[in-house]
Amino acid sequence: MNVGEVAALAGVTVRTLHHYDRIGLLSPSGRTAAGYRQYAPADLDRLHRVLLYRELGFPLEEVATLLSGDADPAEHLRRQHRLLQDRLERTTAMVAAVEKEMEARSMGISLTPEERFEVFGDWLPEEYAAEAEEKWGETEAWEQSQQRTRAMTKEDWLRVKAETDDVEGRFAGALRSGVPADSEQAMDLAEEHRQQISRNFYDCGYEMHAGLGRMYVEDERFTAYYERIAPGLAQFVSAAIQANAARHGA
């Protein structure tokens, strides 16, 4: 094949092939009587390896070194396969990170990944975004929450986290002290919990709050969240919320 045919087949320019020839990276096996380059099948195999290594990010000097050894074509393919697998894993991880960032942005959480880790730790609220929107996306509470969270800064999120940690810590303390879930103390904590939601996210009435309380024991993810704080806490918080809602006629 002549240089133009090889360039068209490989998707490179004739100038690129001339350059590869000049630096000794890919020299054609033969020439015509008029001095035109003629590429044999073995040359095309080498060009294929050159282009794969280039696609993997190797500079031409390193490509030349990789091809100068005694490795046979099968060994080159195995090496390139490993390198491509490594790139695929990195790319997949990058895609996942970008998708999480997109989901977080759609929730109105305008924090950097480092800031989100500082605020949420290993709990990623964007993982629940699609499910939450499917359940409540048409409600006024959802829209209200979206509007408020879009305006929240890192400092706002840290304040909310501190408030949440405080009330959950006092719930756990009450549980460990043997305080009944339907006691005045536990119901007052439940009322603080409800008001915190109303203040920071959306207007949370007593019936809505009671529904959240049931979710804490019906959804294993929320149950696990509270159980990490203290064994039995999910049931305790849920019962306190139900008792507080009943206290207010819901």
# chains A, B, ... in the order shown; residues from 1 in each chain; ligands from 1
$ closest_atom_pairs --of "region 192-233 of chain A" --to "region 153-177 of chain A" --cutoff "12 Å" --atoms "only C-alpha atoms" --output "Markdown table"
| residue | atom | partner | partner_atom | distance |
| --- | --- | --- | --- | --- |
| A:Glu192 | CA | A:Val167 | CA | 7.4 |
| A:His193 | CA | A:Val167 | CA | 6.8 |
| A:Arg194 | CA | A:Val167 | CA | 10.6 |
| A:Gln195 | CA | A:Glu163 | CA | 11.0 |
| A:Gln196 | CA | A:Glu163 | CA | 7.7 |
| A:Ile197 | CA | A:Val160 | CA | 9.4 |
| A:Ser198 | CA | A:Val160 | CA | 11.8 |
| A:Arg199 | CA | A:Val160 | CA | 9.7 |
| A:Asn200 | CA | A:Val160 | CA | 7.3 |
| A:Phe201 | CA | A:Val160 | CA | 9.8 |
| A:Tyr225 | CA | A:Glu168 | CA | 10.9 |
| A:Tyr226 | CA | A:Glu168 | CA | 8.5 |
| A:Glu227 | CA | A:Ala172 | CA | 9.9 |
| A:Arg228 | CA | A:Ala172 | CA | 10.6 |
| A:Ile229 | CA | A:Ala172 | CA | 7.2 |
| A:Ala230 | CA | A:Ala172 | CA | 6.1 |
| A:Pro231 | CA | A:Ala172 | CA | 8.8 |
| A:Gly232 | CA | A:Leu175 | CA | 8.1 |
| A:Leu233 | CA | A:Ala172 | CA | 6.4 |
$ residues_around --residues "Gln38 (chain A)" --least-positions-apart "3" --cutoff "8 Å" --atoms "only C-alpha atoms" --output "list in words"
Met1, Asn2, Val3, Pro28, Ser29, Gly30, Arg31 and Thr32 of chain A
